[in-house]
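Chemist: Okay, so here is input.pdb, and as you'll see once you scroll down, it has PDB, C-alpha atoms and all ligand atoms.
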MODEL        1
ATOM      1  CA  MET O   1     -14.488 -16.387 -19.278
ATOM      2  CA  THR O   2     -13.567 -12.773 -19.939
ATOM      3  CA  ARG O   3     -10.041 -11.873 -19.127
ATOM      4  CA  GLY O   4      -9.511 -10.009 -15.879
ATOM      5  CA  GLU O   5      -7.622  -6.769 -15.656
ATOM      6  CA  ILE O   6      -5.814  -4.441 -13.343
ATOM      7  CA  VAL O   7      -7.658  -1.151 -13.809
ATOM      8  CA  ALA O   8      -5.334   0.962 -11.664
ATOM      9  CA  GLY O   9      -2.412   0.755  -9.295
ATOM     10  CA  CYS O  10      -1.732   3.161  -6.442
ATOM     11  CA  LEU O  11       0.783   4.100  -3.854
ATOM     12  CA  ALA O  12      -1.522   4.443  -0.845
ATOM     13  CA  PRO O  13       0.380   5.144   2.391
ATOM     14  CA  HIS O  14      -0.994   4.221   5.783
ATOM     15  CA  PRO O  15       0.156   6.440   8.667
ATOM     16  CA  PRO O  16      -2.677   6.050  11.207
ATOM     17  CA  HIS O  17      -2.718   9.835  11.643
ATOM     18  CA  LEU O  18      -4.776  10.080   8.454
ATOM     19  CA  VAL O  19      -7.621   7.990   9.875
ATOM     20  CA  TYR O  20      -7.306   9.786  13.223
ATOM     21  CA  ALA O  21      -7.652  13.171  11.497
ATOM     22  CA  GLU O  22     -10.677  12.019   9.483
ATOM     23  CA  ASN O  23     -12.679  11.152  12.641
ATOM     24  CA  PRO O  24     -14.591   8.197  11.178
ATOM     25  CA  PRO O  25     -17.061   6.458  13.526
ATOM     26  CA  GLN O  26     -14.942   3.277  13.544
ATOM     27  CA  ASN O  27     -11.992   5.016  15.249
ATOM     28  CA  GLU O  28     -12.216   5.750  18.983
ATOM     29  CA  PRO O  29      -9.879   8.785  19.358
ATOM     30  CA  THR O  30     -10.989  12.151  17.959
ATOM     31  CA  ALA O  31      -8.914  14.866  16.312
ATOM     32  CA  GLU O  32      -9.174  18.515  15.308
ATOM     33  CA  GLY O  33      -8.087  17.716  11.753
ATOM     34  CA  GLY O  34      -4.509  17.790  10.514
ATOM     35  CA  TRP O  35      -2.504  16.398   7.548
ATOM     36  CA  GLU O  36      -5.074  17.941   5.185
ATOM     37  CA  GLN O  37      -2.753  17.948   2.180
ATOM     38  CA  LEU O  38      -2.627  14.163   2.272
ATOM     39  CA  ARG O  39      -6.274  13.688   3.156
ATOM     40  CA  TRP O  40      -7.247  15.918   0.225
ATOM     41  CA  GLY O  41      -4.885  13.816  -1.870
ATOM     42  CA  TYR O  42      -6.822  10.693  -0.931
ATOM     43  CA  GLU O  43     -10.033  12.559  -1.782
ATOM     44  CA  ARG O  44      -8.640  13.313  -5.247
ATOM     45  CA  LEU O  45      -7.604   9.672  -5.688
ATOM     46  CA  ARG O  46     -11.085   8.462  -4.743
ATOM     47  CA  ASP O  47     -12.667  11.000  -7.119
ATOM     48  CA  SER O  48     -10.333   9.964  -9.901
ATOM     49  CA  LEU O  49     -11.421   6.316  -9.626
ATOM     50  CA  SER O  50     -15.089   6.959  -8.817
ATOM     51  CA  ASP O  51     -16.228   6.198 -12.388
ATOM     52  CA  ILE O  52     -13.931   3.213 -12.824
ATOM     53  CA  ASP O  53     -15.568  -0.160 -12.384
ATOM     54  CA  TYR O  54     -13.710  -2.788 -10.343
ATOM     55  CA  ASP O  55     -14.472  -5.854  -8.237
ATOM     56  CA  VAL O  56     -11.657  -6.164  -5.744
ATOM     57  CA  ILE O  57      -8.892  -4.253  -3.978
ATOM     58  CA  VAL O  58      -5.530  -6.034  -3.674
ATOM     59  CA  VAL O  59      -3.202  -4.580  -1.031
ATOM     60  CA  LEU O  60       0.290  -5.397   0.230
ATOM     61  CA  SER O  61       0.984  -4.005   3.710
ATOM     62  CA  PRO O  62       4.459  -3.652   5.244
ATOM     63  CA  HIS O  63       2.950  -4.041   8.720
ATOM     64  CA  TRP O  64       1.829  -7.605   8.272
ATOM     65  CA  GLN O  65       5.325  -8.942   8.571
ATOM     66  CA  THR O  66       6.027 -12.574   7.800
ATOM     67  CA  TYR O  67       9.538 -13.961   7.880
ATOM     68  CA  VAL O  68       8.773 -17.319   6.268
ATOM     69  CA  GLY O  69       7.299 -16.546   2.871
ATOM     70  CA  THR O  70       4.329 -14.464   1.794
ATOM     71  CA  HIS O  71       0.952 -14.989   3.455
ATOM     72  CA  PHE O  72      -2.582 -14.191   2.254
ATOM     73  CA  LEU O  73      -5.698 -13.597   4.333
ATOM     74  CA  GLY O  74      -7.691 -16.752   3.696
ATOM     75  CA  LEU O  75     -11.096 -16.354   5.342
ATOM     76  CA  PRO O  76     -14.073 -14.433   3.917
ATOM     77  CA  HIS O  77     -14.588 -12.093   6.857
ATOM     78  CA  PHE O  78     -12.545 -10.447   9.607
ATOM     79  CA  LYS O  79     -13.966  -8.238  12.333
ATOM     80  CA  ASN O  80     -12.076  -6.969  15.366
ATOM     81  CA  LEU O  81     -10.333  -3.984  16.927
ATOM     82  CA  SER O  82      -7.021  -2.857  15.406
ATOM     83  CA  VAL O  83      -4.731  -0.830  17.693
ATOM     84  CA  ASP O  84      -1.570   0.825  16.439
ATOM     85  CA  PRO O  85       1.195  -0.398  18.764
ATOM     86  CA  VAL O  86       3.132   2.889  18.441
ATOM     87  CA  PHE O  87       0.147   5.263  18.395
ATOM     88  CA  PRO O  88      -2.613   3.678  20.509
ATOM     89  CA  ASN O  89      -3.639   7.255  21.360
ATOM     90  CA  LEU O  90      -4.511   7.853  17.689
ATOM     91  CA  PHE O  91      -5.691   4.564  16.267
ATOM     92  CA  ARG O  92      -8.134   2.130  17.843
ATOM     93  CA  TYR O  93     -10.231   1.143  14.862
ATOM     94  CA  ASN O  94     -13.145  -1.289  14.741
ATOM     95  CA  TYR O  95     -12.788  -2.968  11.389
ATOM     96  CA  ASP O  96     -15.111  -5.202   9.468
ATOM     97  CA  LEU O  97     -13.645  -6.377   6.191
ATOM     98  CA  ASN O  98     -14.476  -8.915   3.511
ATOM     99  CA  ILE O  99     -11.884 -10.958   1.661
ATOM    100  CA  ASP O 100     -12.056 -12.313  -1.881
ATOM    101  CA  VAL O 101     -10.788 -15.730  -0.839
ATOM    102  CA  ASP O 102     -10.972 -17.190  -4.360
ATOM    103  CA  LEU O 103      -8.655 -14.554  -5.792
ATOM    104  CA  SER O 104      -6.372 -14.766  -2.732
ATOM    105  CA  LYS O 105      -5.966 -18.483  -3.339
ATOM    106  CA  GLN O 106      -5.412 -17.976  -7.034
ATOM    107  CA  ILE O 107      -2.593 -15.479  -6.373
ATOM    108  CA  CYS O 108      -1.172 -17.741  -3.673
ATOM    109  CA  ASP O 109      -1.155 -20.726  -6.076
ATOM    110  CA  LYS O 110       0.474 -18.735  -8.882
ATOM    111  CA  ALA O 111       3.152 -17.500  -6.498
ATOM    112  CA  LYS O 112       3.775 -21.047  -5.338
ATOM    113  CA  ASP O 113       4.108 -22.203  -8.946
ATOM    114  CA  ALA O 114       6.721 -19.459  -9.422
ATOM    115  CA  GLY O 115       8.780 -20.971  -6.611
ATOM    116  CA  LEU O 116       7.882 -18.573  -3.806
ATOM    117  CA  THR O 117       7.127 -19.756  -0.279
ATOM    118  CA  VAL O 118       3.468 -18.971   0.457
ATOM    119  CA  LYS O 119       0.745 -19.674   2.985
ATOM    120  CA  MET O 120      -2.958 -18.941   3.361
ATOM    121  CA  MET O 121      -3.738 -17.408   6.770
ATOM    122  CA  ASN O 122      -6.811 -19.189   8.117
ATOM    123  CA  ASN O 123      -6.901 -18.153  11.770
ATOM    124  CA  PRO O 124     -10.305 -16.498  12.402
ATOM    125  CA  ASP O 125      -8.898 -14.536  15.383
ATOM    126  CA  PHE O 126      -6.046 -13.048  13.392
ATOM    127  CA  ARG O 127      -5.692  -9.298  14.100
ATOM    128  CA  ILE O 128      -5.419  -7.313  10.871
ATOM    129  CA  ASP O 129      -2.511  -4.855  10.868
ATOM    130  CA  TYR O 130      -3.119  -1.096  10.924
ATOM    131  CA  GLY O 131      -1.383  -0.617   7.554
ATOM    132  CA  THR O 132      -4.041  -2.661   5.788
ATOM    133  CA  ILE O 133      -6.812  -0.975   7.742
ATOM    134  CA  THR O 134      -5.605   2.587   7.195
ATOM    135  CA  THR O 135      -4.996   2.130   3.489
ATOM    136  CA  GLY O 136      -8.302   0.251   3.201
ATOM    137  CA  HIS O 137     -10.169   3.047   4.951
ATOM    138  CA  MET O 138      -8.540   5.965   3.143
ATOM    139  CA  PHE O 139      -8.918   4.330  -0.256
ATOM    140  CA  ASN O 140     -12.469   3.084   0.276
ATOM    141  CA  PRO O 141     -14.119   4.439   3.448
ATOM    142  CA  LYS O 142     -17.337   2.611   2.612
ATOM    143  CA  TRP O 143     -15.562  -0.764   2.765
ATOM    144  CA  ASP O 144     -17.931  -1.936   0.035
ATOM    145  CA  LYS O 145     -15.407  -3.940  -1.993
ATOM    146  CA  PRO O 146     -13.768  -7.224  -1.021
ATOM    147  CA  MET O 147     -10.033  -7.212  -0.553
ATOM    148  CA  VAL O 148      -7.055  -9.444  -1.076
ATOM    149  CA  VAL O 149      -4.483  -8.783   1.654
ATOM    150  CA  ILE O 150      -0.860  -9.841   1.119
ATOM    151  CA  SER O 151       1.801  -9.888   3.825
ATOM    152  CA  SER O 152       5.260  -8.369   3.639
ATOM    153  CA  ASN O 153       7.948 -11.017   3.528
ATOM    154  CA  ARG O 154      10.884  -9.411   5.309
ATOM    155  CA  SER O 155      13.469 -10.512   2.795
ATOM    156  CA  SER O 156      15.075  -7.050   2.771
ATOM    157  CA  ALA O 157      15.759  -7.393   6.500
ATOM    158  CA  TYR O 158      16.714 -11.058   6.356
ATOM    159  CA  TYR O 159      18.781 -10.852   3.142
ATOM    160  CA  SER O 160      18.987  -7.573   1.191
ATOM    161  CA  VAL O 161      16.918  -5.141  -0.868
ATOM    162  CA  ASP O 162      18.137  -6.903  -4.021
ATOM    163  CA  VAL O 163      16.796 -10.255  -2.857
ATOM    164  CA  MET O 164      13.561  -8.571  -1.775
ATOM    165  CA  GLN O 165      13.205  -7.009  -5.232
ATOM    166  CA  GLU O 166      13.702 -10.300  -7.047
ATOM    167  CA  MET O 167      11.058 -11.959  -4.923
ATOM    168  CA  MET O 168       8.617  -9.058  -5.214
ATOM    169  CA  MET O 169       9.037  -8.914  -8.984
ATOM    170  CA  GLU O 170       7.967 -12.572  -9.076
ATOM    171  CA  LEU O 171       5.115 -11.980  -6.652
ATOM    172  CA  GLY O 172       3.964  -9.042  -8.787
ATOM    173  CA  LYS O 173       3.905 -11.187 -11.926
ATOM    174  CA  ALA O 174       2.024 -13.938 -10.090
ATOM    175  CA  THR O 175      -0.476 -11.371  -8.799
ATOM    176  CA  ARG O 176      -0.987  -9.973 -12.273
ATOM    177  CA  ASP O 177      -1.369 -13.412 -13.918
ATOM    178  CA  ALA O 178      -3.872 -14.532 -11.295
ATOM    179  CA  ILE O 179      -5.959 -11.376 -11.726
ATOM    180  CA  LEU O 180      -5.974 -11.744 -15.530
ATOM    181  CA  ASP O 181      -7.008 -15.411 -15.219
ATOM    182  CA  SER O 182      -9.696 -14.643 -12.620
ATOM    183  CA  GLY O 183     -11.829 -12.568 -14.984
ATOM    184  CA  LYS O 184     -12.040  -9.883 -12.275
ATOM    185  CA  LYS O 185     -11.193  -6.209 -12.351
ATOM    186  CA  ALA O 186      -8.774  -5.214  -9.620
ATOM    187  CA  VAL O 187      -7.113  -2.154  -8.153
ATOM    188  CA  VAL O 188      -3.692  -2.901  -6.667
ATOM    189  CA  LEU O 189      -2.387  -0.854  -3.730
ATOM    190  CA  ALA O 190       1.077  -0.613  -2.213
ATOM    191  CA  SER O 191       0.574   0.610   1.331
ATOM    192  CA  ASN O 192       3.811   2.401   2.072
ATOM    193  CA  SER O 193       5.426   5.759   2.763
ATOM    194  CA  LEU O 194       8.472   6.948   0.817
ATOM    195  CA  SER O 195      11.259   8.315   3.086
ATOM    196  CA  HIS O 196      10.635   6.920   6.533
ATOM    197  CA  ARG O 197      12.927   8.651   9.001
ATOM    198  CA  HIS O 198      10.538   9.896  11.662
ATOM    199  CA  PHE O 199      10.568  12.034  14.765
ATOM    200  CA  THR O 200      11.064  10.155  18.006
ATOM    201  CA  THR O 201       8.779  12.337  20.109
ATOM    202  CA  GLU O 202       5.186  13.385  19.559
ATOM    203  CA  SER O 203       4.024  16.977  20.006
ATOM    204  CA  GLU O 204       1.506  17.688  22.742
ATOM    205  CA  VAL O 205      -1.288  18.054  20.199
ATOM    206  CA  PRO O 206      -0.517  15.358  17.593
ATOM    207  CA  GLU O 207      -2.387  17.266  14.872
ATOM    208  CA  ASP O 208      -0.447  20.496  15.474
ATOM    209  CA  MET O 209       0.658  21.138  11.900
ATOM    210  CA  SER O 210       3.152  23.826  12.948
ATOM    211  CA  LYS O 211       5.346  20.913  14.061
ATOM    212  CA  GLU O 212       5.062  18.893  10.849
ATOM    213  CA  HIS O 213       7.888  18.867   8.292
ATOM    214  CA  ILE O 214      10.265  16.467   6.587
ATOM    215  CA  THR O 215      13.019  15.214   8.907
ATOM    216  CA  SER O 216      15.889  16.265   6.648
ATOM    217  CA  HIS O 217      16.794  17.833   3.313
ATOM    218  CA  ALA O 218      18.245  14.512   2.146
ATOM    219  CA  MET O 219      14.896  12.783   2.739
ATOM    220  CA  HIS O 220      13.123  15.511   0.784
ATOM    221  CA  LEU O 221      15.508  15.131  -2.142
ATOM    222  CA  TRP O 222      14.983  11.368  -2.273
ATOM    223  CA  ASP O 223      11.198  11.731  -2.133
ATOM    224  CA  MET O 224      11.183  14.319  -4.930
ATOM    225  CA  ARG O 225      13.465  12.158  -7.047
ATOM    226  CA  MET O 226      11.140   9.165  -6.725
ATOM    227  CA  ILE O 227       8.045  11.277  -7.376
ATOM    228  CA  GLU O 228       9.632  12.726 -10.503
ATOM    229  CA  TYR O 229      10.313   9.193 -11.805
ATOM    230  CA  MET O 230       6.689   8.269 -11.124
ATOM    231  CA  ARG O 231       5.320  11.400 -12.798
ATOM    232  CA  THR O 232       7.439  10.835 -15.893
ATOM    233  CA  GLY O 233       6.859   7.105 -16.317
ATOM    234  CA  GLN O 234      10.370   6.038 -15.367
ATOM    235  CA  SER O 235       9.462   2.981 -13.324
ATOM    236  CA  GLN O 236      12.551   1.052 -14.302
ATOM    237  CA  ARG O 237      14.727   3.753 -12.753
ATOM    238  CA  ILE O 238      12.754   3.380  -9.526
ATOM    239  CA  ILE O 239      13.473  -0.346  -9.547
ATOM    240  CA  ASP O 240      17.139   0.297 -10.392
ATOM    241  CA  GLU O 241      17.579   2.847  -7.603
ATOM    242  CA  MET O 242      15.441   1.020  -5.041
ATOM    243  CA  PRO O 243      18.417  -0.402  -3.081
ATOM    244  CA  GLU O 244      19.980   3.056  -2.578
ATOM    245  CA  PHE O 245      16.618   4.710  -1.951
ATOM    246  CA  THR O 246      15.517   2.096   0.563
ATOM    247  CA  GLU O 247      18.764   2.213   2.484
ATOM    248  CA  GLN O 248      19.514   5.951   2.377
ATOM    249  CA  ALA O 249      15.955   7.190   2.908
ATOM    250  CA  ILE O 250      15.140   4.368   5.381
ATOM    251  CA  ALA O 251      12.213   4.054   2.986
ATOM    252  CA  GLU O 252       9.206   1.893   3.724
ATOM    253  CA  SER O 253       9.785   0.306   0.321
ATOM    254  CA  ASP O 254      11.803  -2.194   2.393
ATOM    255  CA  GLY O 255       8.497  -4.022   2.867
ATOM    256  CA  GLY O 256       8.430  -4.869  -0.840
ATOM    257  CA  GLY O 257       5.091  -3.244  -1.664
ATOM    258  CA  PHE O 258       6.471  -0.606  -4.032
ATOM    259  CA  THR O 259       8.441  -3.133  -6.115
ATOM    260  CA  TRP O 260       5.502  -5.557  -6.097
ATOM    261  CA  LEU O 261       3.167  -2.760  -7.291
ATOM    262  CA  LEU O 262       5.392  -1.760 -10.214
ATOM    263  CA  SER O 263       5.738  -5.422 -11.184
ATOM    264  CA  THR O 264       1.954  -5.999 -11.139
ATOM    265  CA  LEU O 265       1.689  -2.997 -13.471
ATOM    266  CA  ASP O 266       4.349  -4.448 -15.790
ATOM    267  CA  ILE O 267       6.825  -1.619 -15.006
ATOM    268  CA  PRO O 268       4.691   1.183 -16.456
ATOM    269  CA  THR O 269       6.236   3.661 -18.863
ATOM    270  CA  TYR O 270       3.326   6.119 -18.783
ATOM    271  CA  PRO O 271       3.099   8.957 -16.255
ATOM    272  CA  ALA O 272       1.508   8.359 -12.886
ATOM    273  CA  ILE O 273      -0.798  10.973 -11.348
ATOM    274  CA  LEU O 274       0.416  12.542  -8.119
ATOM    275  CA  HIS O 275      -2.667  13.254  -5.996
ATOM    276  CA  GLY O 276      -0.845  14.487  -2.927
ATOM    277  CA  TYR O 277       2.389  14.645  -0.970
ATOM    278  CA  GLY O 278       2.939  15.448   2.669
ATOM    279  CA  THR O 279       4.846  14.507   5.771
ATOM    280  CA  ILE O 280       3.598  12.634   8.814
ATOM    281  CA  ILE O 281       5.807  12.703  11.924
ATOM    282  CA  GLY O 282       8.527  13.658   9.471
ATOM    283  CA  THR O 283       8.081  10.764   7.005
ATOM    284  CA  GLY O 284       7.419  11.439   3.305
ATOM    285  CA  ASN O 285       4.113  10.223   1.895
ATOM    286  CA  ALA O 286       2.875  10.355  -1.690
ATOM    287  CA  ILE O 287      -0.549   9.351  -2.974
ATOM    288  CA  VAL O 288      -0.018   8.263  -6.542
ATOM    289  CA  GLU O 289      -2.212   6.631  -9.177
ATOM    290  CA  TRP O 290      -1.146   4.711 -12.258
ATOM    291  CA  PRO O 291      -4.254   5.024 -14.465
ATOM    292  CA  VAL O 292      -4.035   1.691 -16.244
ATOM    293  CA  TYR O 293      -7.594   2.214 -17.534
ATOM    294  CA  LYS O 294      -6.231   4.950 -19.808
ATOM    295  CA  HIS O 295      -3.637   2.570 -21.242
ATOM    296  CA  LYS O 296      -5.646  -0.524 -22.088
ATOM    297  CA  GLU O 297      -3.119  -1.690 -24.635
ATOM    298  CA  GLY O 298      -0.903  -2.593 -21.698
ATOM    299  CA  GLU O 299      -3.414  -5.245 -20.715
ATOM    300  CA  LYS O 300      -3.321  -7.177 -23.972
TER     301      LYS O 300
HETATM  302 FE    FE R   1       4.191   2.128   8.229
ENDMDL
END
Kindly transcribe the structure held in the file into structure tokens.
Modeler:
Amino acid sequence: MTRGEIVAGCLAPHPPHLVYAENPPQNEPTAEGGWEQLRWGYERLRDSLSDIDYDVIVVLSPHWQTYVGTHFLGLPHFKNLSVDPVFPNLFRYNYDLNIDVDLSKQICDKAKDAGLTVKMMNNPDFRIDYGTITTGHMFNPKWDKPMVVISSNRSSAYYSVDVMQEMMMELGKATRDAILDSGKKAVVLASNSLSHRHFTTESEVPEDMSKEHITSHAMHLWDMRMIEYMRTGQSQRIIDEMPEFTEQAIAESDGGGFTWLLSTLDIPTYPAILHGYGTIIGTGNAIVEWPVYKHKEGEK
């Protein structure tokens, strides 16, 4: 069998406002636009990968929170209504998604072999979290590729960011090994914002962009620091500074997705492409692509 490969990895954040502002038919509320900088960023990401062939999208979402180990969606099809518990006024999305169960199991087995606690999620009524749905929609609005969906083990909350990083480095290696063994071509997505301190009230018109800005200068500085590391191929520094970043910027990297992503990509030393940056209710969000397809030697 031909060897599989990871063709690209992306930071693909999931605030539901992005789907709300896009007005797709699957979402019930309607908007007058908003958060264009980020939505154009997703457009650029989709354009950038439009000529790249791949079979499956692998995503880790911080909003599928599991306290005992890492779980994987384990049935071929899920269809239901996903409602954001914080923003039900913005996000009531009718989803219909297909899972690559074979690859999910392969990653699950590899992770188990590495000593991680894992479980396949086989409840047909399971409600998919809005992080997975928003990232899934913004990355691939046609929903024409199967997905592997990985939960966020809350080891940073239960133990510490350091423990979370060790576990996510292992999970990243297991994910990578399973993809290479599967013979499939995959895109891997970490569905998380950067700085995550947000406003506690919503403006009367949620998409009123005159109200949108980063919550503080300190958050801005942390976001720019992380983006600069990404743009200059300094992934190891991101890993090294992750504990401070996650704690000081209340970053959504606490869910483990960012560390897992860099590990699946083998801690890339080449520059990532920044497709967009913007704030959503004050949180910092970057859409970033690591174009593995341009660095094939990394796959050997
Ligand atoms: Fe989130």
Chemist: Of the candidates O:Asp254, O:Ser195, O:Ala190, O:Ile238, which one gets nearest to Tyr159 (chain O) if we count only C-alpha atoms?
Modeler: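 Closest candidate: O:Asp254.
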Chemist: Evaluate the PyMOL selection byres (((not hetatm)) within 9 of (chain R and resi 1)) against this structure - the residues, as an MDAnalysis selection string, please.
Modeler: chainID O and resid 13:16 61:63 130:131 191:193 196 252
Chemist: How many Å separate CA of Met138 (chain O) from CA of Asp240 (chain O)?
Modeler: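 These two atoms are separated by 29.6 Å.
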Chemist: Pick out the closest residue to Trp35 (chain O) from this set: O:Asp47, O:Glu22, O:Asp84, O:Asp113. Count only C-alpha atoms.
Modeler: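 Of all the options, O:Glu22 lies closest to Trp35 (chain O).
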Chemist: Return the single residue from O:Ile273, O:Ile99, O:Met167, O:Ala12 that is closest to Val118 (chain O), with distances computed using all atoms listed in the file.
Modeler: O:Met167
